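Visitor: Handing over protein-v1.txt, compact mmCIF, C-alpha atoms.
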# COMPACT_ATOMS: atom_id res chain seq x y z
CA MET A 122 112.93 86.81 90.62
CA ALA A 123 110.96 83.57 91.16
CA VAL A 124 107.57 85.18 90.51
CA PRO A 125 107.26 87.12 87.21
CA LEU A 126 106.96 90.89 87.67
CA MET A 127 103.52 91.08 86.04
CA GLN A 128 102.19 88.34 88.33
CA ALA A 129 103.63 90.07 91.39
CA VAL A 130 102.03 93.37 90.30
CA ARG A 131 98.61 91.86 89.57
CA VAL A 132 98.47 89.82 92.79
CA GLY A 133 99.82 92.75 94.80
CA SER A 134 97.17 95.05 93.34
CA TYR A 135 94.50 92.52 94.24
CA VAL A 136 95.69 92.35 97.86
CA VAL A 137 95.90 96.14 98.19
CA LYS A 138 92.37 96.44 96.77
CA GLN A 139 91.03 94.04 99.41
CA HIS A 140 92.62 96.13 102.18
CA LEU A 141 91.35 99.42 100.76
CA GLN A 142 87.86 97.96 100.64
CA GLY A 143 88.19 96.92 104.29
CA ARG A 144 87.71 93.24 103.47
CA LYS A 145 88.95 91.20 106.45
CA LYS A 146 88.74 87.72 104.94
CA TYR A 147 89.65 87.15 101.31
CA PRO A 148 91.26 84.31 99.33
CA LEU A 149 94.80 84.58 98.01
CA VAL A 150 95.06 81.16 96.34
CA LEU A 151 92.31 78.73 95.36
CA MET A 152 93.46 75.20 96.16
CA LEU A 153 91.66 72.96 93.67
CA GLU A 154 91.69 69.16 93.97
CA PRO A 155 89.59 67.72 91.11
CA LEU A 156 90.39 64.18 92.27
CA LEU A 157 92.00 62.38 95.21
CA ARG A 158 93.42 59.36 93.39
CA CYS A 159 97.20 59.21 92.99
CA ASN A 160 99.78 56.96 91.33
CA LEU A 161 102.04 57.11 94.41
CA ALA A 162 101.50 56.19 98.06
CA CYS A 163 103.72 58.62 99.98
CA SER A 164 104.28 57.85 103.65
CA GLY A 165 103.63 61.42 104.76
CA CYS A 166 100.28 61.80 102.98
CA GLY A 167 96.86 60.36 103.79
CA LYS A 168 95.07 61.62 100.68
CA ILE A 169 94.59 58.19 99.10
CA ASP A 170 93.21 56.57 102.24
CA TYR A 171 89.65 56.50 100.91
CA PRO A 172 87.37 53.79 99.51
CA ALA A 173 87.71 53.18 95.76
CA GLU A 174 84.29 54.72 95.13
CA ILE A 175 85.56 58.07 96.47
CA LEU A 176 88.92 57.81 94.69
CA ASN A 177 86.98 57.32 91.46
CA GLN A 178 85.14 60.64 91.89
CA ARG A 179 86.12 63.61 89.72
CA LEU A 180 85.17 67.27 89.65
CA SER A 181 84.01 68.14 86.14
CA VAL A 182 85.48 70.96 84.09
CA GLN A 183 82.43 73.08 84.85
CA GLU A 184 82.60 72.36 88.57
CA CYS A 185 86.23 73.49 88.61
CA LEU A 186 85.45 76.69 86.73
CA ASP A 187 82.44 77.33 88.98
CA ALA A 188 84.70 76.96 92.04
CA ASP A 189 87.04 79.56 90.54
CA ALA A 190 84.14 81.92 89.90
CA GLU A 191 82.84 81.50 93.46
CA CYS A 192 86.22 82.10 95.05
CA GLY A 193 87.77 84.74 92.78
CA ALA A 194 91.38 84.27 93.97
CA PRO A 195 94.05 85.53 91.53
CA VAL A 196 96.11 82.32 91.86
CA VAL A 197 94.93 78.72 91.47
CA ALA A 198 96.98 75.71 92.61
CA VAL A 199 95.63 72.52 91.03
CA ALA A 200 96.63 69.48 93.05
CA GLY A 201 95.25 66.11 94.13
CA GLY A 202 95.96 63.19 94.24
CA GLU A 203 97.76 63.31 90.93
CA PRO A 204 95.93 65.83 88.71
CA LEU A 205 97.37 64.45 85.46
CA LEU A 206 95.21 61.34 86.01
CA HIS A 207 92.17 63.56 85.28
CA LYS A 208 91.31 63.17 81.57
CA ASP A 209 89.87 66.69 81.36
CA MET A 210 92.78 68.42 83.09
CA PRO A 211 93.91 70.26 79.89
CA LYS A 212 90.42 71.78 79.55
CA ILE A 213 90.42 72.80 83.22
CA ILE A 214 93.79 74.52 82.86
CA GLN A 215 92.78 76.21 79.61
CA GLY A 216 89.60 77.51 81.21
CA LEU A 217 91.47 78.99 84.17
CA ILE A 218 94.13 80.58 81.98
CA ALA A 219 91.42 82.12 79.79
CA ARG A 220 90.24 83.93 82.95
CA LYS A 221 93.80 85.19 83.53
CA ARG A 222 94.32 83.16 86.67
CA TYR A 223 97.91 82.32 87.56
CA VAL A 224 97.83 78.53 87.56
CA TYR A 225 100.27 76.13 89.21
CA LEU A 226 99.69 72.52 88.16
CA CYS A 227 101.13 70.36 90.97
CA THR A 228 102.36 66.95 89.82
CA ASN A 229 104.79 64.22 90.83
CA GLY A 230 106.05 64.25 87.24
CA LEU A 231 105.47 60.58 86.45
CA LEU A 232 102.94 61.32 83.68
CA LEU A 233 104.34 64.63 82.49
CA GLU A 234 106.28 63.26 79.50
CA LYS A 235 103.13 61.51 78.26
CA LYS A 236 100.81 64.48 78.85
CA ILE A 237 102.96 67.57 78.24
CA ASP A 238 101.86 68.14 74.63
CA ASP A 239 98.31 68.69 75.88
CA TYR A 240 99.52 71.99 77.40
CA LYS A 241 101.06 75.17 76.03
CA PRO A 242 103.50 77.59 77.69
CA SER A 243 101.81 80.69 79.05
CA PRO A 244 102.77 83.54 81.39
CA PHE A 245 99.76 82.40 83.44
CA PHE A 246 100.89 78.78 83.76
CA SER A 247 103.61 76.90 85.65
CA TRP A 248 104.35 73.26 86.33
CA ASP A 249 104.92 72.62 90.04
CA ILE A 250 106.94 69.42 90.44
CA HIS A 251 106.96 67.55 93.75
CA LEU A 252 110.56 66.96 94.90
CA ASP A 253 111.31 66.40 98.59
CA GLY A 254 115.09 66.63 98.26
CA ASP A 255 117.81 64.69 96.46
CA GLN A 256 117.44 61.18 95.05
CA LEU A 257 117.66 59.29 98.34
CA MET A 258 115.49 61.81 100.21
CA HIS A 259 112.76 62.01 97.59
CA ASP A 260 112.49 58.32 96.72
CA ALA A 261 112.27 57.54 100.45
CA SER A 262 109.57 60.20 100.87
CA VAL A 263 107.40 58.80 98.05
CA CYS A 264 108.18 55.17 98.95
CA GLN A 265 109.25 54.22 95.43
CA ASP A 266 112.65 54.02 93.75
CA GLY A 267 113.27 55.88 90.50
CA VAL A 268 110.71 58.64 91.02
CA TYR A 269 113.38 61.31 91.56
CA ASP A 270 115.07 60.55 88.24
CA ARG A 271 111.77 60.69 86.38
CA ALA A 272 110.88 64.01 88.04
CA ILE A 273 114.26 65.48 87.01
CA THR A 274 113.67 64.25 83.44
CA ALA A 275 110.23 65.89 83.52
CA ILE A 276 111.73 69.20 84.68
CA LYS A 277 114.30 69.19 81.87
CA LEU A 278 111.62 68.34 79.31
CA ALA A 279 109.26 71.09 80.49
CA LYS A 280 112.05 73.68 80.47
CA SER A 281 113.11 72.61 76.96
CA LYS A 282 109.57 73.27 75.74
CA GLY A 283 109.48 76.77 77.21
CA PHE A 284 107.37 76.19 80.34
CA ARG A 285 107.88 77.84 83.69
CA VAL A 286 108.73 75.21 86.29
CA SER A 287 108.85 75.38 90.07
CA ILE A 288 109.39 72.65 92.63
CA ASN A 289 107.45 71.86 95.78
CA CYS A 290 109.80 70.61 98.52
CA THR A 291 108.37 69.38 101.82
CA LEU A 292 110.86 68.78 104.63
CA PHE A 293 110.51 66.29 107.47
CA ASP A 294 112.22 65.50 110.75
CA GLY A 295 115.76 64.27 110.14
CA ALA A 296 116.33 66.42 107.05
CA ASN A 297 120.00 67.42 106.84
CA PRO A 298 120.34 71.14 106.03
CA HIS A 299 123.60 70.55 104.12
CA ARG A 300 121.93 67.98 101.85
CA VAL A 301 118.89 70.19 101.34
CA ALA A 302 121.16 73.14 100.49
CA ALA A 303 123.05 71.03 97.95
CA PHE A 304 119.70 69.93 96.48
CA PHE A 305 118.54 73.55 96.14
CA ASP A 306 121.80 74.34 94.31
CA GLU A 307 121.16 71.40 91.99
CA VAL A 308 117.63 72.40 90.99
CA MET A 309 118.69 76.01 90.49
CA ALA A 310 121.39 74.75 88.11
CA LEU A 311 118.66 72.91 86.17
CA GLY A 312 116.99 76.25 85.49
CA VAL A 313 114.05 75.81 87.83
CA ASP A 314 112.22 79.13 88.15
CA GLY A 315 111.43 78.87 91.84
CA ILE A 316 111.30 76.75 94.97
CA MET A 317 108.34 76.37 97.30
CA THR A 318 109.30 74.80 100.61
CA ALA A 319 107.65 74.12 103.96
CA PRO A 320 107.61 71.59 106.79
CA GLY A 321 105.25 68.65 106.39
CA TYR A 322 101.85 68.87 108.05
CA ALA A 323 100.97 65.93 110.32
CA TYR A 324 98.06 64.46 108.33
CA GLU A 325 96.18 62.24 110.74
CA ARG A 326 95.78 59.48 108.10
CA ALA A 327 99.44 59.50 106.98
CA PRO A 328 101.09 56.06 107.37
CA ASP A 329 104.27 57.61 108.84
CA GLN A 330 103.55 59.69 111.94
CA GLU A 331 107.10 59.68 113.31
CA HIS A 332 108.83 62.14 110.99
CA PHE A 333 106.74 65.31 111.19
CA LEU A 334 108.60 68.34 112.55
CA ASN A 335 107.48 70.22 115.63
CA ARG A 336 107.68 74.01 115.56
CA GLN A 337 111.04 74.32 117.33
CA LYS A 338 112.68 71.77 115.03
CA THR A 339 111.17 73.51 112.01
CA LYS A 340 112.61 76.86 113.00
CA GLN A 341 116.08 75.46 113.67
CA LEU A 342 116.12 73.47 110.42
CA PHE A 343 115.23 76.49 108.31
CA ARG A 344 117.65 78.75 110.17
CA ASP A 345 120.44 76.30 109.44
CA LEU A 346 119.32 75.95 105.83
CA PHE A 347 119.04 79.67 105.14
CA ARG A 348 122.41 80.27 106.79
CA LEU A 349 123.97 77.85 104.31
CA GLY A 350 122.09 79.51 101.47
CA LYS A 351 123.44 83.02 101.92
CA GLY A 352 124.95 84.11 98.61
CA HIS A 353 123.57 81.10 96.68
CA LYS A 354 120.79 83.07 94.98
CA TRP A 355 118.04 80.55 95.58
CA ARG A 356 114.74 81.76 94.14
CA PHE A 357 111.63 81.08 96.20
CA THR A 358 108.02 81.42 95.04
CA GLN A 359 107.04 82.49 98.56
CA SER A 360 106.95 85.75 100.47
CA PRO A 361 110.26 86.68 102.16
CA LEU A 362 108.26 87.20 105.35
CA PHE A 363 106.95 83.63 105.24
CA LEU A 364 110.54 82.39 104.94
CA ASN A 365 111.45 84.66 107.84
CA PHE A 366 108.60 83.04 109.78
CA LEU A 367 109.96 79.56 109.05
CA ALA A 368 113.28 80.67 110.53
CA GLY A 369 111.55 81.64 113.78
CA ASN A 370 111.59 85.41 113.33
CA GLU A 371 107.86 86.20 113.14
CA GLN A 372 105.08 85.38 115.60
CA TYR A 373 102.37 84.83 113.04
CA HIS A 374 98.91 83.43 113.56
CA CYS A 375 97.31 81.29 110.86
CA THR A 376 95.05 82.74 108.16
CA PRO A 377 93.10 79.58 107.31
CA TRP A 378 90.74 81.23 104.81
CA GLY A 379 93.64 82.53 102.67
CA LYS A 380 93.90 79.32 100.64
CA PRO A 381 90.46 77.67 100.51
CA LEU A 382 90.20 74.14 99.13
CA LYS A 383 87.56 72.67 96.79
CA THR A 384 87.48 68.86 96.52
CA VAL A 385 85.03 66.16 95.50
CA PHE A 386 83.63 66.47 99.05
CA GLY A 387 82.90 70.20 98.64
CA TRP A 388 84.58 73.25 100.17
CA GLN A 389 86.80 71.86 102.93
CA ARG A 390 86.67 73.53 106.30
CA PRO A 391 88.61 75.04 107.86
CA CYS A 392 91.63 74.86 105.52
CA TYR A 393 93.61 73.01 102.88
CA LEU A 394 95.31 70.77 105.44
CA LEU A 395 92.55 70.10 107.92
CA GLY A 396 89.22 68.54 106.97
CA GLU A 397 86.72 69.02 109.79
CA GLY A 398 83.68 69.33 107.55
CA TYR A 399 82.55 70.61 104.16
CA ALA A 400 80.43 73.45 102.81
CA SER A 401 78.41 73.28 99.61
CA THR A 402 79.43 76.80 98.48
CA TYR A 403 82.38 79.12 99.01
CA GLN A 404 80.15 81.71 100.66
CA GLU A 405 78.85 79.11 103.08
CA LEU A 406 82.45 78.17 103.91
CA MET A 407 83.29 81.77 104.73
CA ASP A 408 80.09 82.63 106.59
CA ASP A 409 79.43 79.46 108.58
CA THR A 410 82.92 78.35 109.64
CA ASN A 411 83.86 79.22 113.22
CA TRP A 412 87.39 80.36 112.38
CA ASP A 413 88.25 81.11 116.01
CA LEU A 414 88.22 77.40 116.80
CA TYR A 415 91.29 76.78 114.64
CA GLY A 416 94.94 77.74 114.40
CA THR A 417 98.00 77.28 116.59
CA GLY A 418 97.05 77.98 120.20
CA ASN A 419 93.39 77.24 119.52
CA TYR A 420 93.35 73.62 118.36
CA ALA A 421 95.58 70.63 119.06
CA LYS A 422 95.74 69.57 115.39
CA CYS A 423 97.23 72.97 114.55
CA ALA A 424 99.87 72.99 117.30
CA ASP A 425 102.93 72.26 115.12
CA CYS A 426 101.69 73.63 111.80
CA MET A 427 103.90 76.17 110.02
CA VAL A 428 102.76 75.42 106.48
CA HIS A 429 102.39 77.99 103.70
CA SER A 430 98.68 77.21 103.20
CA GLY A 431 97.94 78.91 106.52
CA TYR A 432 100.82 81.31 107.04
CA GLU A 433 101.70 82.60 103.57
CA SER A 434 98.54 84.72 103.56
CA THR A 435 99.46 86.07 107.00
CA ALA A 436 102.86 87.06 105.64
CA VAL A 437 101.25 88.80 102.64
CA LYS A 438 98.95 90.80 104.92
CA ASP A 439 101.94 91.77 107.06
CA ALA A 440 103.77 92.97 103.94
CA ILE A 441 100.91 95.38 103.21
CA GLN A 442 100.88 96.67 106.77
CA ARG A 443 104.68 96.87 107.11
CA PRO A 444 106.17 97.41 103.64
CA TRP A 445 109.48 98.57 105.13
CA HIS A 446 109.80 95.26 106.96
CA ILE A 447 109.40 93.07 103.88
CA ALA A 448 111.83 95.31 101.99
CA GLN A 449 114.43 94.75 104.70
CA VAL A 450 113.93 90.97 104.81
CA ALA A 451 113.91 90.70 101.02
CA LEU A 452 117.22 92.58 100.89
CA MET A 453 118.99 90.88 103.81
CA GLY A 454 117.31 87.47 103.79
CA PRO A 455 115.81 85.67 106.81
CA LYS A 456 117.62 86.26 110.09
CA THR A 457 119.62 83.17 111.07
CA GLU A 458 121.17 84.31 114.36
CA GLY A 459 119.91 85.71 117.66
CA PRO A 460 116.78 85.02 119.68
CA MET A 461 113.65 83.74 117.97
CA ALA A 462 110.21 85.32 118.21
CA PRO A 463 108.16 84.20 121.23
CA GLU A 464 106.23 80.97 120.72
CA ILE A 465 102.41 80.90 120.76
CA ASP A 466 100.88 79.66 124.03
CA LEU A 467 99.31 76.20 123.63
CA SER A 468 97.90 75.87 127.14
CA LYS A 469 94.35 76.80 126.14
CA GLN A 470 94.05 74.86 122.88
CA ARG A 471 91.06 72.55 122.59
CA PRO A 472 91.62 68.82 122.07
CA ALA A 473 91.54 67.25 118.64
CA GLU A 474 88.28 65.99 117.19
CA TYR A 475 88.01 63.33 114.50
CA ALA A 476 85.38 63.36 111.77
CA TYR A 477 87.01 61.25 109.03
CA ASN A 478 84.69 58.25 109.24
CA GLU A 479 81.58 60.43 109.33
CA GLN A 480 82.72 62.36 106.25
CA VAL A 481 83.50 59.19 104.31
CA GLU A 482 80.16 57.64 105.22
CA GLY A 483 78.35 60.80 104.12
CA LEU A 484 79.99 60.91 100.70
CA MET A 485 79.56 57.16 100.21
CA LYS A 486 75.80 57.51 100.84
CA LYS A 487 75.65 60.35 98.33
CA ILE A 488 77.53 58.33 95.71
CA LYS A 489 75.24 55.35 96.18
CA SER A 490 72.08 57.48 96.09
CA GLU A 491 73.16 59.09 92.81
CA ALA A 492 74.26 55.84 91.16
CA PRO A 493 71.73 54.09 88.89
CA SER A 494 70.18 51.02 90.49
CA THR A 495 71.12 47.52 89.32
CA SER A 496 67.71 47.05 87.68
CA LYS A 497 68.06 50.34 85.79
CA ARG A 498 71.57 49.42 84.61
CA THR A 499 70.32 45.98 83.46
CA THR A 500 67.44 47.58 81.55
CA THR A 501 69.83 50.03 79.91
CA ILE A 502 72.18 47.22 78.83
CA ARG A 503 69.26 45.26 77.36
CA ARG A 504 68.08 48.33 75.44
CA VAL A 505 71.58 48.89 74.05
CA LYS A 506 71.80 45.25 72.94
CA THR A 507 68.37 45.51 71.28
CA VAL A 508 69.38 48.68 69.43
CA LYS A 509 72.60 47.03 68.21
CA LYS A 510 70.65 43.98 66.94
CA GLU A 511 68.29 46.29 65.04
CA GLU A 512 71.25 48.19 63.58
CA VAL A 513 72.77 44.91 62.37
CA LYS A 514 69.49 43.93 60.68
CA GLU A 515 69.22 47.32 58.95
CA ASN A 516 72.85 47.22 57.75
CA SER A 517 72.42 43.69 56.41
For this file, write the structure as structure tokens.
Guide:
Amino acid sequence: MAVPLMQAVRVGSYVVKQHLQGRKKYPLVLMLEPLLRCNLACSGCGKIDYPAEILNQRLSVQECLDADAECGAPVVAVAGGEPLLHKDMPKIIQGLIARKRYVYLCTNGLLLEKKIDDYKPSPFFSWDIHLDGDQLMHDASVCQDGVYDRAITAIKLAKSKGFRVSINCTLFDGANPHRVAAFFDEVMALGVDGIMTAPGYAYERAPDQEHFLNRQKTKQLFRDLFRLGKGHKWRFTQSPLFLNFLAGNEQYHCTPWGKPLKTVFGWQRPCYLLGEGYASTYQELMDDTNWDLYGTGNYAKCADCMVHSGYESTAVKDAIQRPWHIAQVALMGPKTEGPMAPEIDLSKQRPAEYAYNEQVEGLMKKIKSEAPSTSKRTTTIRRVKTVKKEEVKENS
């Protein structure tokens, strides 16, 4: 089982409680990005396409813990950027674990060997290593040779020290199901505890816009992949119903509030993948976001999205409403033959809007307004020099 029994029980109890209380919108996973800076420049990601002043911003330990308290989700995925670049990351993780949150620390693995002794194994903690396939696939995805080998070394090291380790595998157009299946066999042989997989989301700032999957290609790719995987005992960290959705067997609509994101900008609306604005508090995010404007069939930017950040929560809600269905899919695996579920109508979706420049300008103004002026910095430097001169006199 990819997810430990106690975690499954605690998270399941949380979800059931929300339904019994009649709560329509609730978080399943807090997506926490304490920084946007990264030590890679992947072609399918636009996260680092910000001015240096923004990439230098960090959420403090207290801001991260406050975000957790506001949201209250039982699971926290800490991502970025590269979170291991944050000097206070061990304190952030310790604080979340102390609250009995199930924490997944998402990393490309490049700094793990250097940083791993700052962390301790815990039933509430798992490393989540980014691996987009075998050596050729992954190194091409991250646009740097040698990254795959270092990630594999990091996985072996973490397992040797008693940590739980999962991998995060994003698939793009052109992925060969036979190669992906062989890769899944390889990581299972390494002792990886679970696999999280999904198609890549078409980030509007990503350098490579040609290799994102559309919905039909996504469904066919995962059908072919899961067909090859029958009997291989791959362990996934995701709901069986979400995997069934990827294979084209569920007509799900997005649940964008299921995995809210907190970044240096604030609470991103409407979802982890799509930044159309920011709220200053979690409650403001929930109350003031017009959720009906988003999702496949409603908005052009959502047309091809089948990513776990929007649809995993939908699958979890479906499991509560149809427990017999998830039991069947968990036992038999995703269906890989026969007709697929009807596709969502896109004819009435609204056109895409773009707010990137406005958001960047807003945060840049805030950074500049909060920064000490040149005259104040000069005065401070002079005072420090004066103090040091006085200290030298006293010591002599």
Visitor: Would you mind reading off the distance between CA of Asp209 (chain A) and CA of Arg390 (chain A), one decimal, in Å?
Guide: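 Separation of CA of Asp209 (chain A) and CA of Arg390 (chain A): 26.1 Å.
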Visitor: Region 369-372 of chain A, all listed atoms, 8 Å padding on each side: what axis-aligned box centre and edge lengths in Å to one decimal come out, as lines of an AutoDock Vina configuration file?
Guide:
center_x = 108.3
center_y = 83.9
center_z = 114.4
size_x = 22.5
size_y = 20.6
size_z = 18.5
Visitor: Taking only C-alpha atoms into account, which of A:Val481, A:Ala368, A:Met427, A:Val268 comes nearest Glu458 (chain A)?
Guide: A:Ala368
Visitor: Nearest residue to Asn365 (chain A) out of A:Gln341, A:Gln265, A:Gln139, A:Gln178, using only C-alpha atoms?
Guide: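 Nearest to Asn365 (chain A): A:Gln341.
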Visitor: Take CA of Tyr373 (chain A) and CA of Tyr432 (chain A) and report the distance between them in Å, one decimal.
Guide: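 Answer for the CA of Tyr373 (chain A) to CA of Tyr432 (chain A) separation: 7.1 Å.
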